[in-house]
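Reproduced below: entry.txt, with compact mmCIF, C-alpha atoms.
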```txt
# COMPACT_ATOMS: atom_id res chain seq x y z
CA SER A 792 -1.78 -11.10 3.73
CA VAL A 793 -1.20 -8.35 6.31
CA ILE A 794 -3.21 -5.95 4.18
CA ALA A 795 -5.91 -8.59 3.62
CA GLY A 796 -6.25 -9.03 7.37
CA TRP A 797 -6.31 -5.25 7.85
CA GLN A 798 -9.02 -4.75 5.25
CA THR A 799 -11.27 -7.62 6.30
CA ASN A 800 -11.39 -6.63 9.97
CA THR A 801 -14.21 -4.08 9.88
CA GLU A 802 -14.01 -1.67 12.80
CA SER A 803 -16.49 0.94 14.01
CA TRP A 804 -13.89 3.72 13.82
CA GLN A 805 -13.85 3.40 10.04
CA TYR A 806 -17.31 4.99 10.07
CA TRP A 807 -17.18 7.77 12.66
CA CYS A 808 -13.51 8.81 12.56
CA ARG A 809 -11.81 10.96 9.97
CA GLN A 810 -8.66 9.41 8.53
CA GLY A 811 -5.70 11.75 8.13
CA THR A 812 -1.92 11.67 7.81
CA CYS A 813 1.16 13.46 9.06
CA LEU A 814 4.73 13.61 7.75
CA ASN A 815 6.71 12.09 10.62
CA TYR A 816 6.80 11.29 14.33
CA GLN A 817 7.05 14.91 15.42
CA THR A 818 4.17 16.78 17.06
CA PHE A 819 1.48 17.88 14.61
CA THR A 820 -1.45 20.27 15.01
CA ARG A 821 -5.11 19.98 14.12
CA PRO A 822 -6.80 23.41 14.34
CA LEU A 823 -10.46 23.73 15.19
CA ALA A 824 -12.33 24.03 11.90
CA PRO A 825 -13.15 27.72 11.39
CA GLU A 826 -16.54 28.98 10.28
CA LEU A 827 -16.97 32.29 8.50
CA PRO A 828 -19.97 34.56 9.19
CA THR A 829 -22.98 34.37 6.92
CA PRO A 830 -22.26 36.49 3.81
CA PRO A 831 -23.99 39.90 3.95
CA GLU A 832 -26.28 41.24 1.25
CA VAL A 833 -24.44 43.43 -1.24
CA PRO A 834 -26.64 46.20 -2.75
CA GLU A 835 -26.29 47.09 -6.40
CA ASN A 836 -23.19 49.16 -7.21
CA SER A 837 -21.82 48.51 -3.71
CA GLU A 838 -18.41 47.19 -2.85
CA THR A 839 -18.25 43.57 -1.74
CA PRO A 840 -16.77 43.48 1.78
CA MET A 841 -13.79 41.38 2.72
CA ALA A 842 -14.48 38.42 4.99
CA ASP A 843 -13.64 39.18 8.61
CA TYR A 844 -11.09 36.68 9.88
CA SER A 845 -10.41 38.54 13.12
CA SER A 846 -12.62 36.32 15.24
CA LEU A 847 -11.29 33.02 13.93
CA THR A 848 -9.88 30.89 16.74
CA ASP A 849 -6.35 29.68 17.22
CA SER A 850 -7.66 26.70 19.20
CA ALA A 851 -5.98 23.50 18.11
CA GLU A 852 -5.30 19.96 19.25
CA THR A 853 -1.80 18.51 19.13
CA ASP A 854 -0.50 14.95 19.10
CA SER A 855 2.20 12.75 17.61
CA VAL A 856 2.22 9.37 15.93
CA SER A 857 3.61 6.33 17.78
CA ARG A 858 5.05 3.18 16.24
CA TYR A 859 3.51 -0.16 17.21
CA ALA A 860 5.29 -3.34 16.11
CA GLU A 861 6.01 -6.99 16.82
CA ILE A 862 8.29 -9.64 15.33
CA ILE A 863 6.86 -12.89 13.99
CA PRO A 864 9.55 -15.57 13.55
CA ILE A 865 8.89 -18.18 10.85
CA SER A 866 11.24 -21.12 10.46
CA ASP A 867 12.65 -22.19 7.11
CA GLN A 868 10.69 -25.40 7.39
CA ALA A 869 7.44 -23.53 7.88
CA LEU A 870 8.22 -21.29 4.93
CA ALA A 871 8.99 -24.28 2.74
CA ASN A 872 5.73 -25.93 3.75
CA ASP A 873 3.62 -22.78 3.40
CA ASP A 874 0.29 -22.91 1.57
CA PRO A 875 -2.83 -20.72 1.96
CA ASP A 876 -3.76 -22.53 5.17
CA GLN A 877 -0.34 -22.65 6.82
CA ASN A 878 1.78 -20.58 9.20
CA LEU A 879 2.95 -17.63 7.13
CA THR A 880 -0.34 -16.74 5.46
CA LEU A 881 -2.34 -17.15 8.65
CA SER A 882 0.21 -15.26 10.76
CA MET A 883 0.37 -12.29 8.41
CA ALA A 884 -3.42 -12.05 8.15
CA ALA A 885 -3.69 -12.22 11.93
CA ALA A 886 -1.11 -9.43 12.22
CA GLY A 887 -3.20 -7.26 9.89
CA ARG A 888 -6.32 -7.86 11.97
CA ALA A 889 -4.38 -7.05 15.12
CA ALA A 890 -3.30 -3.72 13.65
CA ALA A 891 -6.91 -2.84 12.85
CA ARG A 892 -7.92 -3.77 16.41
CA LEU A 893 -5.13 -1.56 17.73
CA VAL A 894 -6.61 1.47 16.00
CA GLY A 895 -10.05 0.48 17.27
CA ASN A 896 -8.74 0.32 20.81
CA LEU A 897 -7.23 3.79 20.52
CA ALA A 898 -10.34 5.29 18.89
CA VAL A 899 -12.82 3.93 21.43
CA SER A 900 -10.49 4.98 24.23
CA VAL A 901 -10.93 8.58 23.09
CA LEU A 902 -14.65 8.22 23.79
CA THR A 903 -14.52 6.27 27.02
CA THR A 904 -11.68 8.13 28.77
CA ASN A 905 -13.26 11.51 27.95
CA GLY A 906 -10.02 13.43 28.30
CA ASN A 907 -9.61 17.20 28.15
CA LEU A 908 -9.21 19.10 24.91
CA SER A 909 -6.84 22.04 24.52
CA ASP A 910 -9.44 24.32 26.12
CA GLY A 911 -9.05 22.41 29.38
CA VAL A 912 -12.58 20.98 29.19
CA ALA A 913 -13.48 17.29 28.82
CA LEU A 914 -14.51 16.17 25.34
CA PHE A 915 -18.03 15.40 26.63
CA GLU A 916 -19.20 18.18 28.94
CA ASP A 917 -22.47 20.08 28.99
CA THR A 918 -21.80 23.53 30.47
CA ASN A 919 -19.13 24.61 27.98
CA HIS A 920 -19.30 21.99 25.24
CA GLY A 921 -23.03 21.29 25.29
CA ASN A 922 -22.65 17.71 24.11
CA LEU A 923 -23.43 15.57 27.16
CA VAL A 924 -26.55 14.12 28.75
CA GLY A 925 -25.01 12.91 31.98
CA SER A 926 -25.72 10.45 34.76
CA GLY A 927 -29.20 10.86 36.19
CA SER A 928 -30.48 12.60 33.07
CA GLY A 929 -29.69 10.03 30.41
CA GLY A 930 -31.91 7.40 28.90
CA ALA A 931 -31.92 4.49 26.49
CA PRO A 932 -32.28 5.27 22.78
CA SER A 933 -35.84 6.35 22.00
CA ALA A 934 -37.48 8.86 19.70
CA ALA A 935 -37.30 11.45 22.47
CA THR A 936 -33.71 10.83 23.53
CA LEU A 937 -32.46 10.64 19.93
CA ASN A 938 -34.09 13.94 19.09
CA ALA A 939 -32.75 15.56 22.25
CA LEU A 940 -29.16 14.50 21.55
CA ALA A 941 -29.47 15.43 17.88
CA ALA A 942 -30.63 18.88 18.95
CA LYS A 943 -27.41 19.32 20.93
CA LEU A 944 -25.45 18.77 17.72
CA ALA A 945 -27.71 21.00 15.65
CA ILE A 946 -27.36 24.08 17.86
CA GLN A 947 -23.58 23.93 18.16
CA ALA A 948 -22.06 27.21 17.05
CA GLY A 949 -18.96 28.20 15.11
CA VAL A 950 -16.30 30.48 16.53
CA ASN A 951 -18.24 33.46 15.17
CA GLY A 952 -21.46 32.37 16.87
CA GLU A 953 -22.99 31.01 13.67
CA VAL A 954 -25.28 28.02 14.28
CA LEU A 955 -23.73 25.10 12.39
CA GLY A 956 -26.80 22.87 12.06
CA ILE A 957 -24.76 19.68 12.42
CA ARG A 958 -26.74 16.52 11.66
CA PRO A 959 -25.86 13.14 13.18
CA ARG A 960 -24.80 10.43 10.75
CA TYR A 961 -23.89 7.59 13.12
CA LEU A 962 -25.50 6.26 16.27
CA VAL A 963 -22.54 4.62 18.01
CA THR A 964 -23.63 2.07 20.59
CA PRO A 965 -22.38 -0.84 22.66
CA VAL A 966 -23.40 -4.21 21.25
CA ALA A 967 -25.98 -4.46 24.05
CA LEU A 968 -27.95 -1.64 22.41
CA GLU A 969 -27.34 -2.50 18.75
CA SER A 970 -30.46 -4.54 17.98
CA THR A 971 -32.90 -2.33 19.89
CA SER A 972 -31.40 0.76 18.27
CA LYS A 973 -31.81 -0.69 14.78
CA VAL A 974 -35.43 -1.62 15.51
CA LEU A 975 -36.01 1.90 16.83
CA LEU A 976 -34.59 3.58 13.73
CA SER A 977 -36.61 1.29 11.49
CA SER A 978 -39.79 2.24 13.33
CA MET A 979 -38.94 5.94 13.00
CA LEU A 980 -38.26 5.76 9.26
CA GLY A 981 -39.96 8.67 7.53
CA ALA A 982 -40.84 10.35 10.81
CA THR A 983 -37.44 11.69 11.81
CA PRO A 984 -35.19 14.55 10.68
CA MET A 985 -32.34 12.00 10.72
CA PRO A 986 -33.20 9.67 7.79
CA ASP A 987 -29.55 8.74 7.18
CA LEU A 988 -28.73 7.83 10.78
CA GLN A 989 -26.89 4.50 10.90
CA VAL A 990 -26.26 2.28 13.90
CA VAL A 991 -22.61 1.32 14.43
CA SER A 992 -21.78 -0.84 17.44
CA ASP A 993 -18.47 -1.61 19.12
CA PRO A 994 -17.98 -4.31 21.77
CA ARG A 995 -15.29 -2.24 23.49
CA LEU A 996 -18.01 0.17 24.56
CA ASP A 997 -19.77 -2.63 26.45
CA ALA A 998 -16.71 -3.00 28.65
CA SER A 999 -17.01 0.67 29.64
CA SER A 1000 -20.80 0.99 29.74
CA SER A 1001 -23.53 -1.17 28.26
CA THR A 1002 -26.02 1.71 28.45
CA GLY A 1003 -24.15 4.79 27.16
CA TRP A 1004 -24.40 5.77 23.50
CA TYR A 1005 -23.13 8.44 21.14
CA MET A 1006 -24.14 10.44 18.10
CA ALA A 1007 -21.51 11.50 15.59
CA ALA A 1008 -21.66 13.57 12.43
CA ASP A 1009 -20.27 12.50 9.07
CA PRO A 1010 -16.50 12.80 9.65
CA ASP A 1011 -15.96 14.03 6.10
CA LEU A 1012 -18.13 17.06 6.90
CA PHE A 1013 -17.66 17.61 10.63
CA PRO A 1014 -14.86 15.48 12.08
CA ALA A 1015 -14.81 14.92 15.84
CA VAL A 1016 -12.15 12.22 16.13
CA GLU A 1017 -9.27 11.61 13.73
CA VAL A 1018 -7.11 8.57 13.09
CA VAL A 1019 -3.70 9.81 11.95
CA THR A 1020 -1.05 7.67 10.25
CA LEU A 1021 2.23 8.43 8.54
CA ARG A 1022 1.69 9.78 5.03
CA ASP A 1023 4.07 7.21 3.56
CA ALA A 1024 2.66 4.32 5.59
CA PRO A 1025 -1.11 4.64 6.05
CA ARG A 1026 -1.47 0.89 6.58
CA PRO A 1027 0.57 -1.73 8.45
CA TYR A 1028 3.70 -2.88 6.66
CA VAL A 1029 6.16 -5.78 6.90
CA GLU A 1030 9.95 -5.83 7.02
CA THR A 1031 11.94 -9.07 6.84
CA ALA A 1032 15.33 -10.13 8.16
CA ARG A 1033 17.04 -13.55 8.04
CA VAL A 1034 18.58 -14.98 11.21
CA LEU A 1035 21.10 -17.57 10.06
CA GLU A 1036 21.79 -19.09 13.46
CA ARG A 1037 18.08 -19.88 13.84
CA ASP A 1038 17.36 -20.89 10.24
CA ALA A 1039 14.42 -18.53 10.34
CA VAL A 1040 13.06 -15.33 8.87
CA LEU A 1041 11.86 -12.57 11.19
CA PHE A 1042 8.82 -10.68 9.93
CA THR A 1043 8.45 -7.31 11.67
CA VAL A 1044 4.90 -6.03 11.33
CA SER A 1045 4.65 -2.29 12.10
CA HIS A 1046 1.92 0.28 12.18
CA SER A 1047 2.41 3.94 13.11
CA CYS A 1048 -0.65 5.84 14.20
CA THR A 1049 -2.47 7.88 16.80
CA VAL A 1050 -6.08 8.82 17.44
CA LEU A 1051 -7.11 12.18 18.84
CA PRO A 1052 -10.26 14.26 19.37
CA VAL A 1053 -10.22 17.29 17.09
CA ASP A 1054 -13.60 18.92 17.81
CA TYR A 1055 -16.32 18.47 20.45
CA ARG A 1056 -19.12 19.96 18.36
CA PRO A 1057 -19.83 17.03 15.95
CA ILE A 1058 -20.24 14.38 18.64
CA ALA A 1059 -22.45 13.96 21.72
CA PHE A 1060 -22.89 11.38 24.48
CA ASN A 1061 -25.91 10.13 26.38
CA PHE A 1062 -24.99 8.36 29.63
CA GLY A 1063 -27.94 6.03 29.24
CA ALA A 1064 -30.48 4.72 31.69
```

Conversion result in structure tokens:
Amino acid sequence: SVIAGWQTNTESWQYWCRQGTCLNYQTFTRPLAPELPTPPEVPENSETPMADYSSLTDSAETDSVSRYAEIIPISDQALANDDPDQNLTLSMAAAGRAAARLVGNLAVSVLTTNGNLSDGVALFEDTNHGNLVGSGSGGAPSAATLNALAAKLAIQAGVNGEVLGIRPRYLVTPVALESTSKVLLSSMLGATPMPDLQVVSDPRLDASSSTGWYMAADPDLFPAVEVVTLRDAPRPYVETARVLERDAVLFTVSHSCTVLPVDYRPIAFNFGA
């Protein structure tokens, strides 16, 4: 039932975050994805040159997984009386949904807190990262503002200066902008270089700003934010222990995870109107 609750609680992060794993609770590293230069032309009877790795960056983000857990006590009487609508089933499903919300809280916090990356610059910043349309310059989603933010992704460069041509896959909005954004994309169908752009809303964003919105690339191609869990426990799990003096069973529901920004280039933010 924990897994059922986990799987049925659809969260926005499941779209725009990469999902990865680590071995344990120790610090792990996520290096900035390297990009090799464009291959040169090789004339006939010429030697094929070796790729030049000298300019590849050592920039990397570090983090560690934390354990989140709570104990749910269920009495022997409740266990004996359990059916699909009773305490145990409902409690375990609720625990699974709570674990999914936990990850959602952590993921959205990466966006809204806008903390510094390992280069000492905020995730969303225009001078060095080129992925922000800030206060006073932002605007609500429109054909013009979508194209302008998409252009910021498209011209992002690799560590060798190669233009990456990143395309947005998700338009991440507060719920306040969800309907108008969907209507906008429908009206632009066939007249935009972003035919696969999908609106994904999250109510947590409304609490931070009901006007700001984001564009994110496909995380399988260009990850910007990563949800990391233990390799041996990618989903919440349950441990049980009997407490004789209470005639009860204690169900400990645990989930070990963290969420971190891994690259500023595949994501951009418009402060809104």

Query raised in the report: Can you list, as a PyMOL selection string, every protein, DNA or RNA residue that comes within 7 Å of Gly887 in chain A when you count all atoms listed in the file, leaving out same-chain residues fewer than 4 positions away?
Result: chain A and resi 793-797+883+891+1027

Give as a PDB file with C-alpha atoms, in the coordinates of the input the set of residues within 7 Å of the point (10.3, -16.1, 14.9), where distances use the file's coordinates and all atoms listed in the file.
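Result file follows (out.pdb):
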```pdb
ATOM      1  CA  ILE A 862       8.290  -9.640  15.330  1.00  0.00           C
ATOM      2  CA  ILE A 863       6.860 -12.890  13.990  1.00  0.00           C
ATOM      3  CA  PRO A 864       9.550 -15.570  13.550  1.00  0.00           C
ATOM      4  CA  ILE A 865       8.890 -18.180  10.850  1.00  0.00           C
ATOM      5  CA  SER A 866      11.240 -21.120  10.460  1.00  0.00           C
ATOM      6  CA  ALA A1039      14.420 -18.530  10.340  1.00  0.00           C
ATOM      7  CA  VAL A1040      13.060 -15.330   8.870  1.00  0.00           C
ATOM      8  CA  LEU A1041      11.860 -12.570  11.190  1.00  0.00           C
TER       9      LEU A1041
END
```

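Put simply, CA of Arg995 in chain A is 13.8 Å away from CA of Thr801 in chain A.
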
Could you list, as a PDB file with C-alpha atoms, in the coordinates of the input, every residue within 8 Å of Ala1059 in chain A, counting all atoms listed in the file and ignoring same-chain residues fewer than 6 positions away?
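Below you can see part_9.pdb, which holds the result:
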```
ATOM      1  CA  PHE A 915     -18.030  15.400  26.630  1.00  0.00           C
ATOM      2  CA  ASN A 922     -22.650  17.710  24.110  1.00  0.00           C
ATOM      3  CA  LEU A 923     -23.430  15.570  27.160  1.00  0.00           C
ATOM      4  CA  LEU A 940     -29.160  14.500  21.550  1.00  0.00           C
ATOM      5  CA  LYS A 943     -27.410  19.320  20.930  1.00  0.00           C
ATOM      6  CA  LEU A 944     -25.450  18.770  17.720  1.00  0.00           C
ATOM      7  CA  TYR A1005     -23.130   8.440  21.140  1.00  0.00           C
ATOM      8  CA  MET A1006     -24.140  10.440  18.100  1.00  0.00           C
ATOM      9  CA  ALA A1007     -21.510  11.500  15.590  1.00  0.00           C
TER      10      ALA A1007
END
```

Query raised in the report: For the point (-27.7, 4.9, 26.7) in file coordinates, what residues are within 12 Å, counting only C-alpha atoms? Give the answer as a ChimeraX atom specification?
Result: /A:923-933,936-937,940,962-969,971-972,996-997,999-1006,1059-1064

Report summary line: Of A:Leu879, A:Asn905, A:Val990, A:His1046, the one nearest to Lys973 in chain A when counting only C-alpha atoms is A:Val990

**Report entry** From A:Ser992, A:Asn836, A:Thr1031, A:Thr880, residue lying nearest Trp807 in chain A [all atoms listed in the file]
**Finding:** A:Ser992

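Between CA of Ala934 in chain A and CA of Phe1013 in chain A the separation is 23.5 Å.
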
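Minimum atom-to-atom distance to Leu914 in chain A, evaluated using only C-alpha atoms, belongs to A:Val1016 out of A:Ala945, A:Val1034, A:Met979, A:Val1016.
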
Grab range 888-914 of chain A from that structure and dump N, CA and C atoms to a file, as a PDB file, in the first residue's frame.
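What landed in decode_24.pdb:
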```pdb
ATOM      1  N   ARG A 888       1.966   8.459  -0.174  1.00  0.00           N
ATOM      2  CA  ARG A 888       1.696   9.777  -0.765  1.00  0.00           C
ATOM      3  C   ARG A 888       2.527  10.858  -0.081  1.00  0.00           C
ATOM      4  N   ALA A 889       2.694  10.717   1.217  1.00  0.00           N
ATOM      5  CA  ALA A 889       3.499  11.700   1.949  1.00  0.00           C
ATOM      6  C   ALA A 889       4.950  11.672   1.492  1.00  0.00           C
ATOM      7  N   ALA A 890       5.470  10.489   1.202  1.00  0.00           N
ATOM      8  CA  ALA A 890       6.846  10.385   0.712  1.00  0.00           C
ATOM      9  C   ALA A 890       6.992  11.057  -0.647  1.00  0.00           C
ATOM     10  N   ALA A 891       5.999  10.880  -1.509  1.00  0.00           N
ATOM     11  CA  ALA A 891       6.047  11.538  -2.817  1.00  0.00           C
ATOM     12  C   ALA A 891       5.981  13.052  -2.661  1.00  0.00           C
ATOM     13  N   ARG A 892       5.151  13.528  -1.712  1.00  0.00           N
ATOM     14  CA  ARG A 892       5.079  14.973  -1.475  1.00  0.00           C
ATOM     15  C   ARG A 892       6.396  15.506  -0.929  1.00  0.00           C
ATOM     16  N   LEU A 893       7.060  14.703  -0.103  1.00  0.00           N
ATOM     17  CA  LEU A 893       8.362  15.110   0.429  1.00  0.00           C
ATOM     18  C   LEU A 893       9.328  15.426  -0.701  1.00  0.00           C
ATOM     19  N   VAL A 894       9.422  14.518  -1.668  1.00  0.00           N
ATOM     20  CA  VAL A 894      10.329  14.744  -2.791  1.00  0.00           C
ATOM     21  C   VAL A 894       9.895  15.971  -3.575  1.00  0.00           C
ATOM     22  N   GLY A 895       8.590  16.153  -3.732  1.00  0.00           N
ATOM     23  CA  GLY A 895       8.096  17.342  -4.416  1.00  0.00           C
ATOM     24  C   GLY A 895       8.478  18.616  -3.700  1.00  0.00           C
ATOM     25  N   ASN A 896       8.388  18.599  -2.371  1.00  0.00           N
ATOM     26  CA  ASN A 896       8.793  19.771  -1.598  1.00  0.00           C
ATOM     27  C   ASN A 896      10.264  20.101  -1.824  1.00  0.00           C
ATOM     28  N   LEU A 897      11.103  19.077  -1.808  1.00  0.00           N
ATOM     29  CA  LEU A 897      12.540  19.289  -1.988  1.00  0.00           C
ATOM     30  C   LEU A 897      12.851  19.789  -3.396  1.00  0.00           C
ATOM     31  N   ALA A 898      12.170  19.213  -4.395  1.00  0.00           N
ATOM     32  CA  ALA A 898      12.447  19.580  -5.788  1.00  0.00           C
ATOM     33  C   ALA A 898      12.044  21.024  -6.067  1.00  0.00           C
ATOM     34  N   VAL A 899      10.840  21.409  -5.652  1.00  0.00           N
ATOM     35  CA  VAL A 899      10.384  22.768  -5.902  1.00  0.00           C
ATOM     36  C   VAL A 899      11.224  23.768  -5.118  1.00  0.00           C
ATOM     37  N   SER A 900      11.695  23.359  -3.943  1.00  0.00           N
ATOM     38  CA  SER A 900      12.551  24.236  -3.154  1.00  0.00           C
ATOM     39  C   SER A 900      13.833  24.590  -3.899  1.00  0.00           C
ATOM     40  N   VAL A 901      14.344  23.666  -4.698  1.00  0.00           N
ATOM     41  CA  VAL A 901      15.527  23.971  -5.510  1.00  0.00           C
ATOM     42  C   VAL A 901      15.249  25.151  -6.430  1.00  0.00           C
ATOM     43  N   LEU A 902      14.043  25.200  -6.989  1.00  0.00           N
ATOM     44  CA  LEU A 902      13.685  26.297  -7.894  1.00  0.00           C
ATOM     45  C   LEU A 902      13.463  27.596  -7.131  1.00  0.00           C
ATOM     46  N   THR A 903      12.697  27.532  -6.069  1.00  0.00           N
ATOM     47  CA  THR A 903      12.250  28.764  -5.413  1.00  0.00           C
ATOM     48  C   THR A 903      13.318  29.403  -4.520  1.00  0.00           C
ATOM     49  N   THR A 904      14.221  28.602  -3.954  1.00  0.00           N
ATOM     50  CA  THR A 904      15.274  29.186  -3.122  1.00  0.00           C
ATOM     51  C   THR A 904      16.415  29.744  -3.956  1.00  0.00           C
ATOM     52  N   ASN A 905      16.583  29.195  -5.184  1.00  0.00           N
ATOM     53  CA  ASN A 905      17.591  29.717  -6.113  1.00  0.00           C
ATOM     54  C   ASN A 905      18.966  29.833  -5.456  1.00  0.00           C
ATOM     55  N   GLY A 906      19.418  28.746  -4.880  1.00  0.00           N
ATOM     56  CA  GLY A 906      20.718  28.741  -4.218  1.00  0.00           C
ATOM     57  C   GLY A 906      21.880  28.730  -5.194  1.00  0.00           C
ATOM     58  N   ASN A 907      23.078  28.927  -4.666  1.00  0.00           N
ATOM     59  CA  ASN A 907      24.280  28.960  -5.496  1.00  0.00           C
ATOM     60  C   ASN A 907      24.712  27.551  -5.905  1.00  0.00           C
ATOM     61  N   LEU A 908      25.243  27.452  -7.102  1.00  0.00           N
ATOM     62  CA  LEU A 908      25.898  26.230  -7.558  1.00  0.00           C
ATOM     63  C   LEU A 908      27.359  26.263  -7.124  1.00  0.00           C
ATOM     64  N   SER A 909      28.115  25.256  -7.527  1.00  0.00           N
ATOM     65  CA  SER A 909      29.514  25.177  -7.110  1.00  0.00           C
ATOM     66  C   SER A 909      30.363  26.306  -7.674  1.00  0.00           C
ATOM     67  N   ASP A 910      29.876  26.996  -8.705  1.00  0.00           N
ATOM     68  CA  ASP A 910      30.617  28.133  -9.256  1.00  0.00           C
ATOM     69  C   ASP A 910      30.380  29.420  -8.472  1.00  0.00           C
ATOM     70  N   GLY A 911      29.596  29.333  -7.398  1.00  0.00           N
ATOM     71  CA  GLY A 911      29.327  30.503  -6.573  1.00  0.00           C
ATOM     72  C   GLY A 911      28.247  31.418  -7.109  1.00  0.00           C
ATOM     73  N   VAL A 912      27.562  31.002  -8.176  1.00  0.00           N
ATOM     74  CA  VAL A 912      26.528  31.815  -8.813  1.00  0.00           C
ATOM     75  C   VAL A 912      25.175  31.138  -8.607  1.00  0.00           C
ATOM     76  N   ALA A 913      24.133  31.937  -8.389  1.00  0.00           N
ATOM     77  CA  ALA A 913      22.791  31.397  -8.190  1.00  0.00           C
ATOM     78  C   ALA A 913      22.363  30.572  -9.402  1.00  0.00           C
ATOM     79  N   LEU A 914      21.538  29.565  -9.157  1.00  0.00           N
ATOM     80  CA  LEU A 914      21.049  28.710 -10.244  1.00  0.00           C
ATOM     81  C   LEU A 914      20.462  29.550 -11.372  1.00  0.00           C
TER      82      LEU A 914
END
```
